[in-house]
>>> print(open('run_36.cif').read())   # mmCIF, C-alpha atoms
data_model
loop_
_atom_site.group_PDB
_atom_site.id
_atom_site.type_symbol
_atom_site.label_atom_id
_atom_site.label_comp_id
_atom_site.auth_asym_id
_atom_site.auth_seq_id
_atom_site.Cartn_x
_atom_site.Cartn_y
_atom_site.Cartn_z
ATOM 1 C CA MET W 81 111.533 16.210 81.458
ATOM 2 C CA ILE W 82 107.898 17.277 81.180
ATOM 3 C CA ARG W 83 106.777 18.361 77.749
ATOM 4 C CA LYS W 84 107.407 22.097 77.339
ATOM 5 C CA GLU W 85 103.772 23.108 76.762
ATOM 6 C CA LEU W 86 102.624 21.203 79.844
ATOM 7 C CA GLN W 87 105.419 22.657 81.951
ATOM 8 C CA THR W 88 104.420 26.182 80.951
ATOM 9 C CA TRP W 89 100.837 25.444 81.940
ATOM 10 C CA LEU W 90 101.960 23.879 85.238
ATOM 11 C CA ASP W 91 104.140 26.879 86.070
ATOM 12 C CA GLU W 92 101.156 29.191 85.633
ATOM 13 C CA PHE W 93 98.931 26.865 87.659
ATOM 14 C CA ASN W 94 101.412 26.395 90.539
ATOM 15 C CA ASN W 95 102.800 29.944 90.722
ATOM 16 C CA VAL W 96 99.827 32.113 89.765
ATOM 17 C CA THR W 97 96.490 30.281 89.809
ATOM 18 C CA VAL W 98 96.825 28.347 93.078
ATOM 19 C CA PRO W 99 98.348 31.224 95.132
ATOM 20 C CA ALA W 100 95.590 33.552 93.919
ATOM 21 C CA LEU W 101 92.904 31.050 94.896
ATOM 22 C CA LEU W 102 94.422 30.528 98.338
ATOM 23 C CA ALA W 103 94.742 34.257 98.887
ATOM 24 C CA ALA W 104 91.045 34.601 98.080
ATOM 25 C CA GLY W 105 90.095 32.063 100.755
ATOM 26 C CA PHE W 106 89.773 28.941 98.582
ATOM 27 C CA LYS W 107 88.544 25.793 100.295
ATOM 28 C CA PRO W 108 88.178 22.527 98.358
ATOM 29 C CA THR W 109 84.591 21.376 97.898
ATOM 30 C CA PRO W 110 82.922 18.867 95.584
ATOM 31 C CA THR W 111 81.578 21.766 93.532
ATOM 32 C CA ASN W 112 84.909 23.394 92.778
ATOM 33 C CA ALA W 113 86.587 20.008 92.245
ATOM 34 C CA ARG W 114 83.998 19.285 89.561
ATOM 35 C CA GLU W 115 84.319 22.741 88.053
ATOM 36 C CA GLY W 116 88.102 22.462 87.950
ATOM 37 C CA LEU W 117 88.175 19.234 85.931
ATOM 38 C CA ALA W 118 85.374 20.487 83.677
ATOM 39 C CA GLY W 119 87.222 23.751 83.026
ATOM 40 C CA ILE W 120 90.521 22.076 82.159
ATOM 41 C CA THR W 121 88.819 19.650 79.788
ATOM 42 C CA SER W 122 86.607 22.166 77.974
ATOM 43 C CA SER W 123 89.470 24.620 77.477
ATOM 44 C CA LEU W 124 92.086 22.084 76.375
ATOM 45 C CA ILE W 125 90.073 19.707 74.166
ATOM 46 C CA THR W 126 88.676 21.833 71.375
ATOM 47 C CA ASP W 127 88.828 19.389 68.450
ATOM 48 C CA ILE W 128 85.579 17.495 68.996
ATOM 49 C CA PRO W 129 84.523 14.971 66.342
ATOM 50 C CA ALA W 130 80.994 14.318 65.185
ATOM 51 C CA VAL W 131 79.561 10.876 65.913
ATOM 52 C CA ALA W 132 76.852 9.390 63.690
ATOM 53 C CA GLN W 133 74.502 8.480 66.561
ATOM 54 C CA VAL W 134 74.508 9.743 70.144
ATOM 55 C CA TYR W 135 71.742 8.629 72.497
ATOM 56 C CA ASP W 136 71.041 9.276 76.152
ATOM 57 C CA ASP W 137 69.397 6.337 77.891
ATOM 58 C CA ILE W 138 69.109 4.377 81.138
ATOM 59 C CA VAL W 139 70.651 1.095 82.224
ATOM 60 C CA TYR W 140 68.152 -0.393 84.637
ATOM 61 C CA ALA W 141 69.335 -2.099 87.802
ATOM 62 C CA GLN W 142 67.719 -3.087 91.092
ATOM 63 C CA GLU W 143 69.473 -0.536 93.309
ATOM 64 C CA TYR W 144 69.907 2.439 90.971
ATOM 65 C CA ASN W 145 69.058 3.099 87.334
ATOM 66 C CA VAL W 146 72.245 4.404 85.718
ATOM 67 C CA PRO W 147 72.007 7.157 83.079
ATOM 68 C CA VAL W 148 74.274 6.426 80.116
ATOM 69 C CA ARG W 149 75.273 8.088 76.880
ATOM 70 C CA ILE W 150 75.750 5.835 73.862
ATOM 71 C CA TYR W 151 78.115 6.796 71.023
ATOM 72 C CA ASN W 152 77.684 4.784 67.833
ATOM 73 C CA PRO W 153 80.133 5.810 65.082
ATOM 74 C CA ALA W 154 78.772 3.436 62.407
ATOM 75 C CA PRO W 155 75.091 2.536 62.957
ATOM 76 C CA GLU W 156 74.940 0.395 59.821
ATOM 77 C CA GLN W 157 77.575 -1.974 61.226
ATOM 78 C CA ALA W 158 77.490 -4.414 64.134
ATOM 79 C CA LEU W 159 80.335 -2.991 66.198
ATOM 80 C CA PRO W 160 81.952 -4.250 69.393
ATOM 81 C CA VAL W 161 81.038 -2.409 72.598
ATOM 82 C CA ALA W 162 83.153 -0.673 75.218
ATOM 83 C CA ILE W 163 82.103 0.983 78.465
ATOM 84 C CA TYR W 164 84.016 4.137 79.381
ATOM 85 C CA TYR W 165 84.224 4.944 83.091
ATOM 86 C CA HIS W 166 85.300 8.566 83.442
ATOM 87 C CA GLY W 167 87.937 9.801 85.862
ATOM 88 C CA GLY W 168 87.673 12.358 88.649
ATOM 89 C CA GLY W 169 88.695 10.651 91.882
ATOM 90 C CA HIS W 170 85.182 9.261 92.472
ATOM 91 C CA MET W 171 84.082 12.839 93.205
ATOM 92 C CA SER W 172 84.218 14.766 89.934
ATOM 93 C CA GLY W 173 83.938 14.167 86.207
ATOM 94 C CA SER W 174 80.773 13.357 84.307
ATOM 95 C CA VAL W 175 79.477 12.132 80.974
ATOM 96 C CA THR W 176 79.270 15.768 79.855
ATOM 97 C CA VAL W 177 82.863 16.560 80.826
ATOM 98 C CA TYR W 178 84.197 13.432 79.109
ATOM 99 C CA ASP W 179 81.984 13.746 76.038
ATOM 100 C CA PRO W 180 84.913 14.797 73.764
ATOM 101 C CA ILE W 181 87.061 11.874 74.908
ATOM 102 C CA CYS W 182 84.224 9.366 74.423
ATOM 103 C CA ARG W 183 83.610 10.732 70.935
ATOM 104 C CA LYS W 184 87.273 10.330 70.069
ATOM 105 C CA ILE W 185 87.464 6.767 71.360
ATOM 106 C CA ALA W 186 84.290 5.822 69.469
ATOM 107 C CA THR W 187 85.512 7.235 66.160
ATOM 108 C CA LYS W 188 89.154 6.170 66.493
ATOM 109 C CA THR W 189 88.476 2.577 67.577
ATOM 110 C CA ASN W 190 85.191 1.991 65.729
ATOM 111 C CA HIS W 191 83.489 0.830 68.925
ATOM 112 C CA ILE W 192 80.105 1.639 70.396
ATOM 113 C CA ILE W 193 80.999 3.533 73.567
ATOM 114 C CA VAL W 194 78.632 3.478 76.522
ATOM 115 C CA ALA W 195 79.451 6.109 79.168
ATOM 116 C CA PRO W 196 77.683 5.697 82.535
ATOM 117 C CA GLU W 197 76.838 8.582 84.857
ATOM 118 C CA TYR W 198 77.747 6.545 87.912
ATOM 119 C CA ARG W 199 77.083 8.029 91.343
ATOM 120 C CA LEU W 200 79.759 10.217 92.927
ATOM 121 C CA ALA W 201 80.971 10.910 96.447
ATOM 122 C CA PRO W 202 80.484 12.516 98.845
ATOM 123 C CA GLU W 203 76.743 12.389 98.158
ATOM 124 C CA ASN W 204 77.052 8.696 97.243
ATOM 125 C CA PRO W 205 80.112 7.157 98.926
ATOM 126 C CA TYR W 206 81.740 3.788 98.304
ATOM 127 C CA PRO W 207 80.548 1.338 97.084
ATOM 128 C CA ALA W 208 77.758 3.090 95.130
ATOM 129 C CA GLY W 209 79.951 3.927 92.127
ATOM 130 C CA VAL W 210 81.387 0.411 91.956
ATOM 131 C CA ARG W 211 77.891 -1.069 91.972
ATOM 132 C CA ASP W 212 76.802 1.284 89.181
ATOM 133 C CA ALA W 213 79.885 0.376 87.165
ATOM 134 C CA PHE W 214 79.215 -3.343 87.541
ATOM 135 C CA ASN W 215 75.505 -3.040 86.787
ATOM 136 C CA THR W 216 76.233 -1.035 83.647
ATOM 137 C CA ALA W 217 78.505 -3.797 82.358
ATOM 138 C CA LYS W 218 76.076 -6.534 83.353
ATOM 139 C CA ASN W 219 72.976 -4.913 81.822
ATOM 140 C CA VAL W 220 74.401 -2.973 78.876
ATOM 141 C CA TRP W 221 73.019 -5.369 76.261
ATOM 142 C CA ALA W 222 69.405 -4.694 77.305
ATOM 143 C CA VAL W 223 69.659 -0.954 76.614
ATOM 144 C CA LEU W 224 71.293 -1.582 73.230
ATOM 145 C CA ASP W 225 68.578 -4.075 72.336
ATOM 146 C CA ALA W 226 65.854 -1.641 73.362
ATOM 147 C CA ARG W 227 67.402 0.972 71.053
ATOM 148 C CA LYS W 228 67.656 -1.641 68.269
ATOM 149 C CA ILE W 229 71.353 -0.846 67.902
ATOM 150 C CA LYS W 230 73.382 -3.323 65.897
ATOM 151 C CA TYR W 231 76.309 -4.651 67.887
ATOM 152 C CA LYS W 232 78.797 -7.465 68.185
ATOM 153 C CA LYS W 233 78.429 -9.089 71.597
ATOM 154 C CA GLN W 234 81.971 -8.352 72.636
ATOM 155 C CA LEU W 235 82.545 -6.119 75.660
ATOM 156 C CA SER W 236 85.606 -4.113 76.677
ATOM 157 C CA LEU W 237 86.085 -1.788 79.642
ATOM 158 C CA ILE W 238 88.010 1.499 79.522
ATOM 159 C CA GLY W 239 88.672 4.015 82.267
ATOM 160 C CA ASP W 240 91.033 6.727 83.414
ATOM 161 C CA SER W 241 92.136 7.557 86.969
ATOM 162 C CA GLY W 242 89.185 6.798 89.292
ATOM 163 C CA GLY W 243 87.450 5.297 86.251
ATOM 164 C CA GLY W 244 90.434 2.956 85.988
ATOM 165 C CA ALA W 245 89.642 1.774 89.504
ATOM 166 C CA LEU W 246 86.099 0.995 88.370
ATOM 167 C CA THR W 247 87.386 -0.753 85.237
ATOM 168 C CA ALA W 248 89.663 -2.998 87.266
ATOM 169 C CA SER W 249 87.021 -3.618 89.937
ATOM 170 C CA VAL W 250 84.446 -4.770 87.388
ATOM 171 C CA ALA W 251 86.951 -6.873 85.421
ATOM 172 C CA MET W 252 88.293 -8.575 88.540
ATOM 173 C CA ARG W 253 84.805 -9.449 89.737
ATOM 174 C CA ALA W 254 83.754 -10.620 86.267
ATOM 175 C CA GLN W 255 86.685 -13.043 85.989
ATOM 176 C CA PHE W 256 84.687 -15.366 88.284
ATOM 177 C CA ASP W 257 81.353 -14.853 86.500
ATOM 178 C CA ALA W 258 80.935 -17.050 83.426
ATOM 179 C CA ASN W 259 77.868 -15.037 82.408
ATOM 180 C CA MET W 260 79.852 -11.818 82.120
ATOM 181 C CA PRO W 261 82.699 -12.277 79.639
ATOM 182 C CA ILE W 262 84.915 -9.208 79.128
ATOM 183 C CA LYS W 263 87.434 -9.277 76.312
ATOM 184 C CA ASN W 264 89.625 -6.281 77.148
ATOM 185 C CA GLN W 265 90.317 -3.785 79.890
ATOM 186 C CA CYS W 266 92.172 -0.578 79.088
ATOM 187 C CA MET W 267 93.237 1.806 81.862
ATOM 188 C CA ILE W 268 94.875 5.230 81.678
ATOM 189 C CA TYR W 269 96.835 6.317 84.774
ATOM 190 C CA PRO W 270 94.489 4.204 86.922
ATOM 191 C CA SER W 271 93.900 4.590 90.650
ATOM 192 C CA LEU W 272 94.286 1.044 91.951
ATOM 193 C CA ASP W 273 95.596 1.354 95.522
ATOM 194 C CA TYR W 274 93.587 3.291 98.101
ATOM 195 C CA THR W 275 96.284 2.836 100.769
ATOM 196 C CA MET W 276 98.480 5.530 99.145
ATOM 197 C CA GLN W 277 101.672 3.619 99.990
ATOM 198 C CA ALA W 278 103.360 3.782 96.565
ATOM 199 C CA GLN W 279 106.678 5.569 96.252
ATOM 200 C CA SER W 280 105.391 7.531 93.241
ATOM 201 C CA ILE W 281 102.826 9.260 95.494
ATOM 202 C CA LYS W 282 105.757 10.617 97.488
ATOM 203 C CA ASP W 283 107.901 11.381 94.421
ATOM 204 C CA ASN W 284 105.158 13.007 92.312
ATOM 205 C CA GLY W 285 102.780 14.210 95.002
ATOM 206 C CA VAL W 286 103.562 17.927 94.794
ATOM 207 C CA GLY W 287 103.727 20.216 91.775
ATOM 208 C CA TYR W 288 102.277 17.978 89.064
ATOM 209 C CA LEU W 289 98.581 19.003 89.135
ATOM 210 C CA LEU W 290 97.297 15.939 91.021
ATOM 211 C CA ALA W 291 98.648 16.433 94.541
ATOM 212 C CA ALA W 292 98.931 13.686 97.148
ATOM 213 C CA SER W 293 96.904 15.858 99.530
ATOM 214 C CA LYS W 294 94.103 16.052 96.956
ATOM 215 C CA ILE W 295 94.121 12.277 96.492
ATOM 216 C CA ALA W 296 93.792 11.812 100.260
ATOM 217 C CA TRP W 297 90.883 14.270 100.271
ATOM 218 C CA TYR W 298 89.165 12.396 97.442
ATOM 219 C CA PHE W 299 89.543 9.094 99.278
ATOM 220 C CA ASP W 300 88.305 10.508 102.587
ATOM 221 C CA ASN W 301 85.148 11.671 100.826
ATOM 222 C CA TYR W 302 84.770 8.312 99.068
ATOM 223 C CA PHE W 303 85.273 6.038 102.093
ATOM 224 C CA GLN W 304 82.947 7.353 104.790
ATOM 225 C CA HIS W 305 82.327 4.266 106.917
ATOM 226 C CA ALA W 306 85.808 3.131 107.997
ATOM 227 C CA GLU W 307 86.077 0.617 105.158
ATOM 228 C CA ASN W 308 89.234 -1.448 104.758
ATOM 229 C CA ARG W 309 90.884 0.541 101.965
ATOM 230 C CA LYS W 310 93.345 -2.189 101.094
ATOM 231 C CA ALA W 311 90.498 -4.668 100.659
ATOM 232 C CA ALA W 312 88.783 -2.166 98.340
ATOM 233 C CA SER W 313 91.915 -1.717 96.191
ATOM 234 C CA PRO W 314 91.987 -3.745 92.947
ATOM 235 C CA LEU W 315 95.782 -3.961 93.173
ATOM 236 C CA TYR W 316 95.405 -6.404 96.087
ATOM 237 C CA TRP W 317 92.654 -8.590 94.692
ATOM 238 C CA GLU W 318 93.119 -12.026 93.145
ATOM 239 C CA PHE W 319 94.837 -12.102 89.754
ATOM 240 C CA THR W 320 94.073 -15.104 87.543
ATOM 241 C CA ALA W 321 94.438 -15.962 83.878
ATOM 242 C CA LYS W 322 90.688 -15.382 83.539
ATOM 243 C CA LEU W 323 91.179 -11.619 83.638
ATOM 244 C CA PRO W 324 90.631 -9.870 80.296
ATOM 245 C CA ARG W 325 93.441 -8.799 78.022
ATOM 246 C CA THR W 326 94.939 -5.759 79.712
ATOM 247 C CA GLN W 327 96.369 -2.462 78.475
ATOM 248 C CA ILE W 328 97.699 0.169 80.877
ATOM 249 C CA PHE W 329 99.079 3.659 80.288
ATOM 250 C CA THR W 330 100.892 5.532 83.031
ATOM 251 C CA ALA W 331 102.547 8.955 83.169
ATOM 252 C CA GLN W 332 106.064 9.465 84.489
ATOM 253 C CA TYR W 333 105.149 12.454 86.689
ATOM 254 C CA CYS W 334 101.889 11.005 87.999
ATOM 255 C CA PRO W 335 101.433 10.058 91.670
ATOM 256 C CA LEU W 336 99.633 6.895 90.508
ATOM 257 C CA LEU W 337 102.533 5.694 88.332
ATOM 258 C CA ASP W 338 103.613 2.799 90.533
ATOM 259 C CA GLU W 339 100.197 1.242 91.019
ATOM 260 C CA GLY W 340 99.544 1.066 87.277
ATOM 261 C CA ARG W 341 102.969 -0.480 86.702
ATOM 262 C CA LEU W 342 102.506 -3.005 89.526
ATOM 263 C CA TYR W 343 99.061 -3.999 88.270
ATOM 264 C CA ALA W 344 100.547 -4.678 84.824
ATOM 265 C CA GLU W 345 103.256 -6.824 86.414
ATOM 266 C CA LYS W 346 100.625 -8.830 88.280
ATOM 267 C CA THR W 347 98.460 -9.459 85.203
ATOM 268 C CA LYS W 348 101.522 -10.603 83.263
ATOM 269 C CA ALA W 349 102.533 -12.927 86.104
ATOM 270 C CA ALA W 350 99.007 -14.392 86.079
ATOM 271 C CA GLY W 351 99.357 -15.244 82.382
ATOM 272 C CA VAL W 352 97.177 -12.423 81.056
ATOM 273 C CA TYR W 353 98.126 -10.747 77.777
ATOM 274 C CA THR W 354 99.280 -7.317 78.930
ATOM 275 C CA GLU W 355 100.490 -4.151 77.244
ATOM 276 C CA TYR W 356 102.093 -1.487 79.410
ATOM 277 C CA TYR W 357 103.164 1.989 78.288
ATOM 278 C CA ASN W 358 104.698 4.695 80.458
ATOM 279 C CA LEU W 359 104.660 8.155 78.855
ATOM 280 C CA GLU W 360 107.828 9.683 80.189
ATOM 281 C CA ASN W 361 107.069 13.381 79.664
ATOM 282 C CA MET W 362 103.458 13.394 80.879
ATOM 283 C CA ILE W 363 101.473 14.204 84.016
ATOM 284 C CA HIS W 364 98.177 12.885 85.365
ATOM 285 C CA THR W 365 95.087 14.053 83.439
ATOM 286 C CA PHE W 366 97.013 14.651 80.206
ATOM 287 C CA MET W 367 94.227 13.093 78.130
ATOM 288 C CA ASN W 368 92.023 16.015 79.238
ATOM 289 C CA MET W 369 94.757 18.470 78.195
ATOM 290 C CA GLU W 370 95.029 17.415 74.560
ATOM 291 C CA ASN W 371 95.854 20.836 73.101
ATOM 292 C CA LEU W 372 99.090 20.825 75.107
ATOM 293 C CA CYS W 373 100.217 17.302 74.203
ATOM 294 C CA ARG W 374 98.557 16.142 70.989
ATOM 295 C CA GLU W 375 101.257 13.632 70.036
ATOM 296 C CA GLU W 376 101.039 11.768 73.325
ATOM 297 C CA VAL W 377 97.225 11.759 73.338
ATOM 298 C CA GLU W 378 97.196 10.465 69.776
ATOM 299 C CA PHE W 379 99.684 7.748 70.781
ATOM 300 C CA VAL W 380 97.213 6.518 73.416
ATOM 301 C CA TYR W 381 94.302 6.493 70.974
ATOM 302 C CA GLU W 382 96.349 4.660 68.335
ATOM 303 C CA LYS W 383 97.548 1.976 70.744
ATOM 304 C CA MET W 384 94.031 1.626 72.125
ATOM 305 C CA ASN W 385 92.636 1.142 68.625
ATOM 306 C CA VAL W 386 95.072 -1.657 67.810
ATOM 307 C CA PHE W 387 94.569 -3.322 71.180
ATOM 308 C CA LEU W 388 90.756 -3.218 71.179
ATOM 309 C CA ASN W 389 90.473 -4.473 67.614
ATOM 310 C CA ALA W 390 92.950 -7.345 67.855
ATOM 311 C CA GLU W 391 91.392 -10.740 67.227
#
>>> encode(input="run_36.cif", output="structure tokens")
Amino acid sequence: MIRKELQTWLDEFNNVTVPALLAAGFKPTPTNAREGLAGITSSLITDIPAVAQVYDDIVYAQEYNVPVRIYNPAPEQALPVAIYYHGGGHMSGSVTVYDPICRKIATKTNHIIVAPEYRLAPENPYPAGVRDAFNTAKNVWAVLDARKIKYKKQLSLIGDSGGGALTASVAMRAQFDANMPIKNQCMIYPSLDYTMQAQSIKDNGVGYLLAASKIAWYFDNYFQHAENRKAASPLYWEFTAKLPRTQIFTAQYCPLLDEGRLYAEKTKAAGVYTEYYNLENMIHTFMNMENLCREEVEFVYEKMNVFLNAE
């Protein structure tokens, strides 16, 4: 059963908000997709912590220089580093939208968080965002050095939804690159299978905020050149023991439930230390809806803290 507060919100969304939008001639566009996620997040995360240092900077790369925001909760210490790839189906989300979540992760895990403003579809289709995600991880140390930020040279990757796809994509490529060690990857309801064949997409594809039809629309905007979507899906890539320690959170009423669970099974089978948690009363995007489910959001942050700081 979905948590009561979330169910009340969903009932309003499904029975009042969506019918009113459709009656007014609503048509999905990148603009209103971005506004929708931004509006949910800003209205439902209102407890925003201060962070000792917050810098905007650039990670330089050959193809595209990636804007990043750096959150340093304890500048006097040499802290480990984590990159946070925001969610939004490769079309929406931004550093600004996810600023509260990045602040919380920085302060709750005592990590320097680097949040990249990777390029979004449809203006920048696949694989632009993946390249930005990889280049951020590869070149992150240079921007920290230029800022003279103290750090421990230990890198983790974190991402939710479409940002989980980027997390997995970077980690799976880095497993074969000795010059790019990644200690941990942490994913929250990740999107890992662009073929949309999972049973959970059918079971949870209507009525739980993230609709199967919306996922298909996101992917059609992302893949614009007849790419092989299975080949682009991290769930079908090679799993070896060289992958980083892995932590995955899924939500029981999320269309992406099965792909997160299957990815965790594959990392375990490959001999990778893996933690898997399924939050039984949650929906997709619940981390952006904190005021309606504080206990569950806090559970994720607490487990993330222990996982990222384990020796």
>>> closest_atom_pairs(input="run_36.cif", of="stretch 287-364 of chain W", to="stretch 377-385 of chain W", cutoff="9 Å", atoms="all atoms listed in the file", output="Markdown table")
| residue | atom | partner | partner_atom | distance |
| --- | --- | --- | --- | --- |
| W:Gln327 | CA | W:Met384 | CA | 7.9 |
| W:Phe329 | CA | W:Val380 | CA | 7.7 |
| W:Tyr357 | CA | W:Val380 | CA | 8.9 |
>>> resolve_selection(input="run_36.cif", expression="the PyMOL selection byres ((chain W and resi 235-248) around 6)", output="PyMOL selection string")
chain W and resi 161-170+210+234+249-252+262-272
>>> closest_residue(input="run_36.cif", among="W:Arg374, W:Ala118, W:Ile82, W:Asp137", to="W:Asp225", atoms="only C-alpha atoms")
W:Asp137
>>> resolve_selection(input="run_36.cif", expression="the PyMOL selection byres ((chain W and resi 365) around 10)", output="PDB file with C-alpha atoms, keeping the file's coordinate frame")
ATOM      1  CA  LEU W 117      88.175  19.234  85.931  1.00  0.00           C
ATOM      2  CA  ILE W 120      90.521  22.076  82.159  1.00  0.00           C
ATOM      3  CA  THR W 121      88.819  19.650  79.788  1.00  0.00           C
ATOM      4  CA  GLY W 167      87.937   9.801  85.862  1.00  0.00           C
ATOM      5  CA  GLY W 168      87.673  12.358  88.649  1.00  0.00           C
ATOM      6  CA  ASP W 240      91.033   6.727  83.414  1.00  0.00           C
ATOM      7  CA  SER W 241      92.136   7.557  86.969  1.00  0.00           C
ATOM      8  CA  ILE W 268      94.875   5.230  81.678  1.00  0.00           C
ATOM      9  CA  TYR W 269      96.835   6.317  84.774  1.00  0.00           C
ATOM     10  CA  TYR W 288     102.277  17.978  89.064  1.00  0.00           C
ATOM     11  CA  LEU W 289      98.581  19.003  89.135  1.00  0.00           C
ATOM     12  CA  LEU W 290      97.297  15.939  91.021  1.00  0.00           C
ATOM     13  CA  ALA W 331     102.547   8.955  83.169  1.00  0.00           C
ATOM     14  CA  CYS W 334     101.889  11.005  87.999  1.00  0.00           C
ATOM     15  CA  MET W 362     103.458  13.394  80.879  1.00  0.00           C
ATOM     16  CA  ILE W 363     101.473  14.204  84.016  1.00  0.00           C
ATOM     17  CA  HIS W 364      98.177  12.885  85.365  1.00  0.00           C
ATOM     18  CA  PHE W 366      97.013  14.651  80.206  1.00  0.00           C
ATOM     19  CA  MET W 367      94.227  13.093  78.130  1.00  0.00           C
ATOM     20  CA  ASN W 368      92.023  16.015  79.238  1.00  0.00           C
ATOM     21  CA  MET W 369      94.757  18.470  78.195  1.00  0.00           C
ATOM     22  CA  GLU W 370      95.029  17.415  74.560  1.00  0.00           C
TER      23      GLU W 370
END
>>> resolve_selection(input="run_36.cif", expression="the PyMOL selection byres ((chain W and resi 295-297) around 12)", output="PyMOL selection string")
chain W and resi 107-110+113+168-171+201-202+241-242+271+273-277+281-282+284-286+289-294+298-304+309+334-336+364
>>> atom_distance(input="run_36.cif", atom1="atom CA of W:Glu203", atom2="atom CA of W:Ile328")
29.8 Å
>>> atom_distance(input="run_36.cif", atom1="atom CA of W:Val177", atom2="atom CA of W:Ser122")
7.3 Å
>>> residues_near_point(input="run_36.cif", point="(73.2, 1.8, 81.7)", cutoff="7 Å", atoms="all atoms listed in the file", output="ChimeraX atom specification")
/W:138-140,146-148,196,216,219-220,223
>>> closest_residue(input="run_36.cif", among="W:Ala132, W:Asn259, W:Lys346, W:His305", to="W:Pro205", atoms="all atoms listed in the file")
W:His305
>>> closest_residue(input="run_36.cif", among="W:Pro180, W:Pro155, W:Pro261, W:Pro99", to="W:Ser123", atoms="only C-alpha atoms")
W:Pro180
>>> residues_around(input="run_36.cif", residues="W:Thr320", least_positions_apart="5", cutoff="9 Å", atoms="only C-alpha atoms", output="list in words")
Met252, Gln255, Thr347, Ala349, Ala350, Gly351 and Val352 of chain W
>>> atom_distance(input="run_36.cif", atom1="atom CA of W:Val175", atom2="atom CA of W:Arg325")
25.3 Å
>>> residues_around(input="run_36.cif", residues="W:Lys232", least_positions_apart="6", cutoff="9 Å", atoms="all atoms listed in the file", output="PyMOL selection string")
chain W and resi 157-161
>>> write_last_selection(input="run_36.cif", atoms="C-alpha atoms", output="PDB file, in the coordinates of the input")
ATOM      1  CA  GLN W 157      77.575  -1.974  61.226  1.00  0.00           C
ATOM      2  CA  ALA W 158      77.490  -4.414  64.134  1.00  0.00           C
ATOM      3  CA  LEU W 159      80.335  -2.991  66.198  1.00  0.00           C
ATOM      4  CA  PRO W 160      81.952  -4.250  69.393  1.00  0.00           C
ATOM      5  CA  VAL W 161      81.038  -2.409  72.598  1.00  0.00           C
TER       6      VAL W 161
END
>>> closest_residue(input="run_36.cif", among="W:Asn145, W:Tyr333, W:Tyr231, W:Glu345", to="W:Tyr198", atoms="only C-alpha atoms")
W:Asn145
>>> axis_aligned_box(input="run_36.cif", around="stretch 283-289 of chain W", padding_each_side="3 Å", output="lines of an AutoDock Vina configuration file")
center_x = 103.2
center_y = 15.8
center_z = 92.0
size_x = 15.3
size_y = 14.8
size_z = 11.9
>>> closest_residue(input="run_36.cif", among="W:Asn358, W:Ile128, W:Ala222, W:Lys230", to="W:Tyr178", atoms="only C-alpha atoms")
W:Ile128
